[in-house]
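Listing of protein.cif, mmCIF, C-alpha atoms
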data_my_file
loop_
_atom_site.group_PDB
_atom_site.id
_atom_site.type_symbol
_atom_site.label_atom_id
_atom_site.label_comp_id
_atom_site.auth_asym_id
_atom_site.auth_seq_id
_atom_site.Cartn_x
_atom_site.Cartn_y
_atom_site.Cartn_z
ATOM 1 C CA MET A 201 -0.721 -10.193 -14.601
ATOM 2 C CA THR A 202 -2.733 -11.145 -11.512
ATOM 3 C CA ASN A 203 -2.696 -8.702 -8.610
ATOM 4 C CA PRO A 204 -2.200 -10.840 -5.451
ATOM 5 C CA ASP A 205 -3.466 -8.050 -3.174
ATOM 6 C CA ARG A 206 -6.704 -7.774 -5.151
ATOM 7 C CA GLN A 207 -7.272 -11.520 -5.126
ATOM 8 C CA SER A 208 -6.614 -11.721 -1.384
ATOM 9 C CA GLN A 209 -9.056 -8.896 -0.668
ATOM 10 C CA LEU A 210 -11.790 -10.394 -2.862
ATOM 11 C CA LYS A 211 -11.373 -13.742 -1.137
ATOM 12 C CA ALA A 212 -11.599 -12.089 2.297
ATOM 13 C CA ILE A 213 -14.782 -10.230 1.299
ATOM 14 C CA HIS A 214 -16.503 -13.371 0.038
ATOM 15 C CA VAL A 215 -15.429 -15.391 3.104
ATOM 16 C CA ARG A 216 -16.970 -12.778 5.400
ATOM 17 C CA ARG A 217 -20.116 -12.640 3.297
ATOM 18 C CA ARG A 218 -20.539 -16.398 3.822
ATOM 19 C CA GLN A 219 -19.795 -16.039 7.524
ATOM 20 C CA LEU A 220 -22.613 -13.498 7.815
ATOM 21 C CA GLY A 221 -24.967 -15.560 5.646
ATOM 22 C CA LEU A 222 -25.854 -12.589 3.440
ATOM 23 C CA ASP A 223 -28.081 -13.177 0.429
ATOM 24 C CA GLU A 224 -27.160 -11.595 -2.899
ATOM 25 C CA ASP A 225 -29.262 -8.433 -2.586
ATOM 26 C CA THR A 226 -28.264 -7.765 1.025
ATOM 27 C CA TYR A 227 -24.598 -8.311 0.195
ATOM 28 C CA ARG A 228 -24.767 -5.853 -2.713
ATOM 29 C CA ASP A 229 -26.538 -3.319 -0.496
ATOM 30 C CA VAL A 230 -23.741 -3.603 2.078
ATOM 31 C CA LEU A 231 -21.097 -2.988 -0.591
ATOM 32 C CA GLN A 232 -22.950 0.012 -1.937
ATOM 33 C CA ARG A 233 -23.429 1.504 1.514
ATOM 34 C CA ALA A 234 -19.718 1.147 2.260
ATOM 35 C CA THR A 235 -18.240 2.233 -1.066
ATOM 36 C CA GLY A 236 -20.942 3.367 -3.487
ATOM 37 C CA LYS A 237 -20.277 0.310 -5.667
ATOM 38 C CA ARG A 238 -22.237 -2.953 -5.826
ATOM 39 C CA SER A 239 -19.378 -5.136 -7.044
ATOM 40 C CA ALA A 240 -16.177 -5.832 -5.116
ATOM 41 C CA ALA A 241 -14.433 -6.636 -8.392
ATOM 42 C CA GLU A 242 -14.953 -3.048 -9.556
ATOM 43 C CA MET A 243 -13.538 -1.479 -6.402
ATOM 44 C CA THR A 244 -10.118 -0.019 -5.756
ATOM 45 C CA ASP A 245 -7.893 -1.559 -3.077
ATOM 46 C CA TRP A 246 -8.954 1.173 -0.686
ATOM 47 C CA GLU A 247 -12.661 0.609 -1.335
ATOM 48 C CA ARG A 248 -12.290 -3.139 -0.774
ATOM 49 C CA ARG A 249 -10.779 -2.365 2.631
ATOM 50 C CA GLN A 250 -13.795 -0.201 3.409
ATOM 51 C CA ALA A 251 -16.106 -3.054 2.379
ATOM 52 C CA LEU A 252 -14.187 -5.445 4.641
ATOM 53 C CA ASP A 253 -14.466 -3.003 7.539
ATOM 54 C CA GLU A 254 -18.221 -2.789 7.004
ATOM 55 C CA LEU A 255 -18.598 -6.597 6.969
ATOM 56 C CA VAL A 256 -16.616 -6.791 10.209
ATOM 57 C CA ARG A 257 -18.812 -4.079 11.713
ATOM 58 C CA LEU A 258 -21.838 -6.224 10.856
ATOM 59 C CA GLY A 259 -20.403 -9.140 12.811
ATOM 60 C CA ALA A 260 -17.950 -11.002 10.600
ATOM 61 C CA PRO A 261 -14.792 -12.140 12.430
ATOM 62 C CA LYS A 262 -11.919 -9.708 12.319
ATOM 63 C CA PRO A 263 -8.866 -10.735 10.276
ATOM 64 C CA ARG A 264 -6.272 -12.621 12.277
ATOM 65 C CA PRO A 265 -3.478 -10.392 13.526
ATOM 66 C CA LYS A 266 -0.339 -10.574 11.458
ATOM 67 C CA GLN A 267 2.791 -12.199 12.785
ATOM 68 C CA VAL A 268 4.630 -9.909 15.189
ATOM 69 C CA ARG A 269 7.889 -8.742 13.620
ATOM 70 C CA SER A 270 10.904 -6.876 14.885
ATOM 71 C CA GLY A 271 11.301 -3.258 13.929
ATOM 72 C CA GLN A 272 14.062 -4.187 11.473
ATOM 73 C CA ALA A 273 11.934 -6.877 9.829
ATOM 74 C CA LYS A 274 9.075 -4.385 9.476
ATOM 75 C CA LYS A 275 11.464 -1.964 7.819
ATOM 76 C CA ALA A 276 12.610 -4.612 5.340
ATOM 77 C CA VAL A 277 9.006 -5.491 4.478
ATOM 78 C CA ALA A 278 8.158 -1.778 4.084
ATOM 79 C CA LEU A 279 11.062 -1.294 1.666
ATOM 80 C CA TRP A 280 9.982 -4.353 -0.332
ATOM 81 C CA ARG A 281 6.413 -3.030 -0.505
ATOM 82 C CA ALA A 282 7.710 0.386 -1.573
ATOM 83 C CA LEU A 283 9.511 -1.215 -4.526
ATOM 84 C CA TYR A 284 6.329 -3.109 -5.374
ATOM 85 C CA ASN A 285 4.101 -0.060 -5.086
ATOM 86 C CA LEU A 286 6.420 1.931 -7.340
ATOM 87 C CA GLY A 287 6.046 -0.786 -9.973
ATOM 88 C CA PHE A 288 9.548 -2.250 -9.789
ATOM 89 C CA LEU A 289 8.513 -5.698 -8.540
ATOM 90 C CA ARG A 290 6.063 -8.201 -9.970
ATOM 91 C CA ASP A 291 5.275 -9.710 -6.582
ATOM 92 C CA GLY A 292 5.040 -7.696 -3.373
ATOM 93 C CA ASP A 293 4.247 -10.437 -0.866
ATOM 94 C CA GLU A 294 6.612 -11.716 1.816
ATOM 95 C CA ALA A 295 7.126 -15.059 0.096
ATOM 96 C CA ALA A 296 8.677 -13.156 -2.804
ATOM 97 C CA LEU A 297 10.835 -11.186 -0.359
ATOM 98 C CA ASP A 298 11.998 -14.472 1.152
ATOM 99 C CA ARG A 299 12.901 -15.764 -2.318
ATOM 100 C CA TRP A 300 14.978 -12.630 -2.928
ATOM 101 C CA VAL A 301 16.677 -13.006 0.456
ATOM 102 C CA ARG A 302 17.395 -16.656 -0.292
ATOM 103 C CA SER A 303 18.845 -15.936 -3.746
ATOM 104 C CA SER A 304 21.042 -13.081 -2.503
ATOM 105 C CA ASN A 305 24.271 -13.316 -0.573
ATOM 106 C CA PHE A 306 22.763 -13.013 2.918
ATOM 107 C CA ARG A 307 23.210 -16.691 3.868
ATOM 108 C CA VAL A 308 19.690 -17.061 5.254
ATOM 109 C CA SER A 309 16.702 -18.870 3.737
ATOM 110 C CA ALA A 310 14.022 -16.358 4.813
ATOM 111 C CA LEU A 311 13.679 -12.976 6.462
ATOM 112 C CA ARG A 312 12.493 -14.482 9.759
ATOM 113 C CA PHE A 313 15.781 -16.369 10.150
ATOM 114 C CA ALA A 314 17.998 -13.306 9.686
ATOM 115 C CA ASP A 315 20.114 -12.278 12.670
ATOM 116 C CA ALA A 316 20.971 -8.618 13.290
ATOM 117 C CA PRO A 317 23.991 -8.433 10.917
ATOM 118 C CA ALA A 318 22.115 -10.235 8.116
ATOM 119 C CA MET A 319 19.050 -8.044 8.668
ATOM 120 C CA ASN A 320 21.168 -4.911 8.359
ATOM 121 C CA GLN A 321 22.592 -6.227 5.073
ATOM 122 C CA ILE A 322 19.091 -6.996 3.776
ATOM 123 C CA ILE A 323 17.839 -3.512 4.667
ATOM 124 C CA GLU A 324 20.843 -1.794 3.104
ATOM 125 C CA GLY A 325 20.423 -3.912 -0.032
ATOM 126 C CA LEU A 326 16.765 -2.918 -0.318
ATOM 127 C CA LYS A 327 17.556 0.750 0.354
ATOM 128 C CA SER A 328 20.189 0.753 -2.390
ATOM 129 C CA TRP A 329 17.760 -0.913 -4.779
ATOM 130 C CA LEU A 330 15.066 1.643 -3.988
ATOM 131 C CA GLU A 331 17.540 4.506 -4.435
ATOM 132 C CA ARG A 332 18.609 3.167 -7.861
ATOM 133 C CA CYS A 333 14.940 3.099 -8.868
ATOM 134 C CA GLY A 334 14.464 6.747 -7.912
ATOM 135 C CA GLY A 335 12.673 6.061 -4.662
ATOM 136 C CA PRO A 336 12.390 8.692 -1.919
ATOM 137 C CA ALA A 337 15.274 9.386 0.449
ATOM 138 C CA ALA A 338 14.858 8.391 4.079
ATOM 139 C CA PRO A 339 13.712 11.388 6.170
ATOM 140 C CA THR A 340 16.139 12.991 8.594
ATOM 141 C CA GLU A 341 15.304 14.107 12.129
ATOM 142 C CA ASP A 342 15.038 17.672 10.833
ATOM 143 C CA ASP A 343 12.592 16.565 8.131
ATOM 144 C CA VAL A 344 10.390 14.927 10.748
ATOM 145 C CA ALA A 345 10.557 17.982 13.008
ATOM 146 C CA ARG A 346 9.558 20.355 10.189
ATOM 147 C CA LEU A 347 6.660 18.198 9.121
ATOM 148 C CA ASN A 348 5.413 17.860 12.683
ATOM 149 C CA ALA A 349 5.518 21.645 13.010
ATOM 150 C CA TRP A 350 3.062 21.838 10.088
ATOM 151 C CA ARG A 351 0.899 19.144 11.643
ATOM 152 C CA SER A 352 0.902 20.926 14.978
ATOM 153 C CA GLY A 353 -0.276 24.110 13.300
ATOM 154 C CA ALA A 354 -3.193 22.141 11.871
ATOM 155 C CA GLY A 355 -4.029 20.619 15.270
ATOM 156 C CA LEU A 356 -2.820 17.124 14.258
ATOM 157 C CA ALA A 357 -0.848 14.588 16.259
ATOM 158 C CA PRO A 358 2.877 14.253 15.528
ATOM 159 C CA VAL A 359 4.154 11.370 13.411
ATOM 160 C CA ASP A 360 7.395 9.395 13.322
ATOM 161 C CA ALA A 361 9.971 8.960 10.571
ATOM 162 C CA GLY A 362 8.133 5.911 9.245
ATOM 163 C CA ALA A 363 5.033 7.997 8.544
ATOM 164 C CA VAL A 364 7.105 10.736 6.901
ATOM 165 C CA ALA A 365 8.644 8.058 4.654
ATOM 166 C CA LYS A 366 5.121 7.023 3.647
ATOM 167 C CA PHE A 367 4.227 10.606 2.735
ATOM 168 C CA ARG A 368 7.359 10.860 0.590
ATOM 169 C CA LEU A 369 6.524 7.570 -1.101
ATOM 170 C CA ILE A 370 3.090 8.899 -2.055
ATOM 171 C CA GLU A 371 4.688 11.976 -3.638
ATOM 172 C CA THR A 372 7.125 9.748 -5.557
ATOM 173 C CA GLN A 373 4.289 7.491 -6.730
ATOM 174 C CA TRP A 374 2.396 10.502 -8.053
ATOM 175 C CA GLN A 375 5.479 11.695 -9.942
ATOM 176 C CA ARG A 376 5.931 8.229 -11.433
ATOM 177 C CA LEU A 377 2.309 8.132 -12.559
ATOM 178 C CA ALA A 378 2.831 11.481 -14.287
ATOM 179 C CA ARG A 379 5.927 10.181 -16.098
ATOM 180 C CA LEU A 380 4.023 7.066 -17.168
ATOM 181 C CA GLY A 381 1.274 9.223 -18.690
ATOM 182 C CA ALA A 382 -1.386 7.870 -16.332
ATOM 183 C CA PHE A 383 -3.346 11.103 -15.994
ATOM 184 C CA GLU A 384 -6.102 12.113 -18.351
ATOM 185 C CA HIS A 385 -5.111 15.713 -17.625
ATOM 186 C CA PRO A 386 -1.308 16.206 -17.509
ATOM 187 C CA ALA A 387 -1.681 18.905 -14.852
ATOM 188 C CA ALA A 388 -3.427 16.539 -12.403
ATOM 189 C CA ARG A 389 -2.491 17.515 -8.847
ATOM 190 C CA LEU A 390 -1.780 15.291 -5.875
ATOM 191 C CA ASP A 391 -3.480 17.688 -3.451
ATOM 192 C CA THR A 392 -6.712 17.484 -5.501
ATOM 193 C CA TYR A 393 -6.559 13.690 -5.380
ATOM 194 C CA LEU A 394 -5.904 13.748 -1.626
ATOM 195 C CA ALA A 395 -8.795 16.121 -1.004
ATOM 196 C CA LYS A 396 -11.078 13.568 -2.636
ATOM 197 C CA ARG A 397 -9.536 10.307 -1.415
ATOM 198 C CA GLY A 398 -7.963 11.276 1.894
ATOM 199 C CA ARG A 399 -10.020 14.369 2.784
ATOM 200 C CA VAL A 400 -6.887 16.404 3.484
ATOM 201 C CA ALA A 401 -5.323 19.398 1.747
ATOM 202 C CA ALA A 402 -1.779 18.003 1.529
ATOM 203 C CA VAL A 403 0.065 14.736 1.998
ATOM 204 C CA GLN A 404 1.704 15.789 5.288
ATOM 205 C CA PHE A 405 -1.736 16.006 6.922
ATOM 206 C CA LEU A 406 -2.699 12.377 6.233
ATOM 207 C CA PRO A 407 -3.259 9.934 9.097
ATOM 208 C CA PRO A 408 -0.589 7.201 8.709
ATOM 209 C CA ALA A 409 -3.224 4.473 8.283
ATOM 210 C CA THR A 410 -4.841 6.413 5.444
ATOM 211 C CA ALA A 411 -1.398 6.888 3.906
ATOM 212 C CA ASP A 412 -1.023 3.087 3.821
ATOM 213 C CA ALA A 413 -4.302 2.728 1.917
ATOM 214 C CA ILE A 414 -3.357 5.464 -0.555
ATOM 215 C CA ILE A 415 0.061 3.890 -1.169
ATOM 216 C CA GLU A 416 -1.607 0.587 -2.028
ATOM 217 C CA GLU A 417 -4.151 2.290 -4.292
ATOM 218 C CA LEU A 418 -1.513 4.314 -6.147
ATOM 219 C CA GLY A 419 0.623 1.177 -6.403
ATOM 220 C CA ALA A 420 -2.239 -0.669 -8.107
ATOM 221 C CA TRP A 421 -2.665 2.315 -10.447
ATOM 222 C CA ILE A 422 1.048 2.267 -11.346
ATOM 223 C CA ARG A 423 1.020 -1.479 -12.066
ATOM 224 C CA ARG A 424 -2.125 -1.146 -14.154
ATOM 225 C CA THR A 425 -0.579 1.709 -16.148
ATOM 226 C CA LEU A 426 2.598 -0.286 -16.737
ATOM 227 C CA GLU A 427 0.516 -3.185 -18.075
ATOM 228 C CA GLU A 428 -1.439 -0.864 -20.353
ATOM 229 C CA ASN A 429 1.739 0.773 -21.652
ATOM 230 C CA ALA A 430 3.310 -2.640 -22.307
ATOM 231 C CA GLY A 431 0.271 -3.653 -24.344
ATOM 232 C CA GLU A 432 0.410 -0.657 -26.652
#
Can you give me the file's structure in the form of structure tokens?
Amino acid sequence: MTNPDRQSQLKAIHVRRRQLGLDEDTYRDVLQRATGKRSAAEMTDWERRQALDELVRLGAPKPRPKQVRSGQAKKAVALWRALYNLGFLRDGDEAALDRWVRSSNFRVSALRFADAPAMNQIIEGLKSWLERCGGPAAPTEDDVARLNAWRSGAGLAPVDAGAVAKFRLIETQWQRLARLGAFEHPAARLDTYLAKRGRVAAVQFLPPATADAIIEELGAWIRRTLEENAGE
């Protein structure tokens, strides 16, 4: 099964290479400097983002800003991506979300056409779906306050409920990987992984942007493991 995120990232890397006019050796040197790897195809999602950042730093045009969405639309997209990154969807892009919206009983043809009542129905439908799949519960105000107390003790800026939801999703992804038998060592620990990949001691200390990258990387790992298990 093709990973649309991977294909999109590879395309973006090669477009920016052409924009910079890099020859083969220079291009490979840039990749290695950014990620330690000389092939974008061998990189993780996170490493491809680092390669893209390096190409932009060298002068390639920045990616176009995404369409501005309402807070409710962002929440719907985040829930859809959570289902995808837990391995419960084949397609995590917004076109697939629009197809689901269109085929459900929301009476709209795409997310962008949903009014407030329809948007609430869409969000509740996605939340129920995520709950049935064993996804993380939405954080309460008390949850956010407790986590921010830990962050304050570490000298870190406070985060909102959306960031806390991301941290919980990472923990759920790690648990799912364990159940799928993805780890070479059954006792593999999330904090050890985060110390290497996110340079933090625990998930609650992640910057939200880094949490996004880790969610995508763990999501790719889950989908890859599901494919491998299906092929056995």
Discussion item. As a check of understanding, name the residues that the PyMOL selection byres ((chain A and resi 407-412) around 8) selects in the supplied structure, as a PyMOL selection string.
Written reply: chain A and resi 359+363+366-367+370+398+405-406+413-416
Discussion item. When you look at Lys275 of chain A with a cut-off of 8 Å (counting only C-alpha atoms), what residues show up, excluding the ones that are within fewer than 4 positions of it in the same chain? I need them as a PyMOL selection string.
Written reply: chain A and resi 271+279+323
Practice prompt. Taking the file as shown, find all residues satisfying the PyMOL selection byres ((chain A and resi 249) around 10) and write them as a PyMOL selection string.
Written response: chain A and resi 209-210+212-213+234-235+243-248+250-255+413
How close does segment 355-412 of chain A get to segment 339-342 of chain A? List, as JSON lines, each residue of segment 355-412 of chain A within 10 Å, its nearest atom pair and the distance in Å to one decimal, counting all atoms listed in the file.
{"residue": "A:Asp360", "atom": "CA", "partner": "A:Glu341", "partner_atom": "CA", "distance": 9.3}
{"residue": "A:Ala361", "atom": "CA", "partner": "A:Pro339", "partner_atom": "CA", "distance": 6.3}
{"residue": "A:Gly362", "atom": "CA", "partner": "A:Pro339", "partner_atom": "CA", "distance": 8.4}
{"residue": "A:Ala363", "atom": "CA", "partner": "A:Pro339", "partner_atom": "CA", "distance": 9.6}
{"residue": "A:Val364", "atom": "CA", "partner": "A:Pro339", "partner_atom": "CA", "distance": 6.7}
{"residue": "A:Ala365", "atom": "CA", "partner": "A:Pro339", "partner_atom": "CA", "distance": 6.3}
{"residue": "A:Lys366", "atom": "CA", "partner": "A:Pro339", "partner_atom": "CA", "distance": 10.0}
{"residue": "A:Arg368", "atom": "CA", "partner": "A:Pro339", "partner_atom": "CA", "distance": 8.5}
Would you mind exporting C-alpha atoms of the selected residues as a short mmCIF file (atom, residue, chain, number, x, y, z; two decimals), in the frame of the given file?
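In the end it all went to result31.cif:
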data_model
loop_
_atom_site.label_atom_id
_atom_site.label_comp_id
_atom_site.auth_asym_id
_atom_site.auth_seq_id
_atom_site.Cartn_x
_atom_site.Cartn_y
_atom_site.Cartn_z
CA ASP A 360 7.40 9.40 13.32
CA ALA A 361 9.97 8.96 10.57
CA GLY A 362 8.13 5.91 9.24
CA ALA A 363 5.03 8.00 8.54
CA VAL A 364 7.10 10.74 6.90
CA ALA A 365 8.64 8.06 4.65
CA LYS A 366 5.12 7.02 3.65
CA ARG A 368 7.36 10.86 0.59
#
Result set of the PyMOL selection byres ((chain A and resi 281-294) around 7) on the coordinates above, as a short mmCIF file (atom, residue, chain, number, x, y, z; two decimals) with C-alpha atoms, keeping the file's coordinate frame:
data_model
loop_
_atom_site.label_atom_id
_atom_site.label_comp_id
_atom_site.auth_asym_id
_atom_site.auth_seq_id
_atom_site.Cartn_x
_atom_site.Cartn_y
_atom_site.Cartn_z
CA VAL A 277 9.01 -5.49 4.48
CA ALA A 278 8.16 -1.78 4.08
CA LEU A 279 11.06 -1.29 1.67
CA TRP A 280 9.98 -4.35 -0.33
CA ALA A 295 7.13 -15.06 0.10
CA ALA A 296 8.68 -13.16 -2.80
CA LEU A 297 10.84 -11.19 -0.36
CA ASP A 298 12.00 -14.47 1.15
CA LEU A 330 15.07 1.64 -3.99
CA GLN A 373 4.29 7.49 -6.73
CA ILE A 415 0.06 3.89 -1.17
CA GLU A 416 -1.61 0.59 -2.03
CA GLY A 419 0.62 1.18 -6.40
CA ILE A 422 1.05 2.27 -11.35
CA ARG A 423 1.02 -1.48 -12.07
#
Discussion item. Report, in Å with one decimal, the straight-line distance from atom CA of Gly335 of chain A to atom CA of Ala388 of chain A.
Written reply: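 Going from atom CA of Gly335 of chain A over to atom CA of Ala388 of chain A covers 20.7 Å.
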Write out as a PDB file with C-alpha atoms, in the frame of the given file the residues lying within 12 Å of Arg302 of chain A, counting all atoms listed in the file and excluding same-chain residues fewer than 6 positions away.
ATOM      1  CA  ALA A 295       7.126 -15.059   0.096  1.00  0.00           C
ATOM      2  CA  ALA A 296       8.677 -13.156  -2.804  1.00  0.00           C
ATOM      3  CA  VAL A 308      19.690 -17.061   5.254  1.00  0.00           C
ATOM      4  CA  SER A 309      16.702 -18.870   3.737  1.00  0.00           C
ATOM      5  CA  ALA A 310      14.022 -16.358   4.813  1.00  0.00           C
ATOM      6  CA  LEU A 311      13.679 -12.976   6.462  1.00  0.00           C
ATOM      7  CA  ARG A 312      12.493 -14.482   9.759  1.00  0.00           C
ATOM      8  CA  PHE A 313      15.781 -16.369  10.150  1.00  0.00           C
ATOM      9  CA  ALA A 314      17.998 -13.306   9.686  1.00  0.00           C
ATOM     10  CA  ALA A 318      22.115 -10.235   8.116  1.00  0.00           C
ATOM     11  CA  ILE A 322      19.091  -6.996   3.776  1.00  0.00           C
TER      12      ILE A 322
END
Worksheet item: For the atom pair atom CA of Gly259 of chain A and atom CA of Glu242 of chain A, what is the interatomic distance in Å to one decimal place?
Response: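 Here the two named atoms are 23.8 Å from each other.
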Worksheet item: atom CA of Ala420 of chain A and atom CA of Ala378 of chain A are how many Å apart?
Response: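 Computed distance, atom CA of Ala420 of chain A to atom CA of Ala378 of chain A, equals 14.5 Å.
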Worksheet entry | Near-Asp391 of chain A list (10 Å; all atoms listed in the file; drop same-chain fewer than 5 positions) as a VMD selection string | chain A and resid 371 396 to 403
Practice prompt. Identify which of the residues A:Ser239, A:Gln219, A:Gln404, A:Ser270 lies closest to Ser352 of chain A, counting all atoms listed in the file when measuring atom-to-atom distances.
Written response: A:Gln404
Practice prompt. Find the residue from A:Arg218, A:Arg257, A:Lys211, A:Lys327 that sits nearest to Ala241 of chain A; use all atoms listed in the file when measuring.
Written response: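 The closest residue to Ala241 of chain A is A:Lys211.
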Worksheet item: Quick one: of A:Leu426, A:Cys333, A:Ala387, A:Leu231, who's nearest to Thr372 of chain A, counting all atoms listed in the file?
Response: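 Ranked by minimum distance to Thr372 of chain A, first place goes to A:Cys333.
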Worksheet item: Restricting the calculation to only C-alpha atoms, which member of A:Val301, A:Val230, A:Ala240, A:Met319 is positioned closest to Lys274 of chain A?
Response: A:Met319
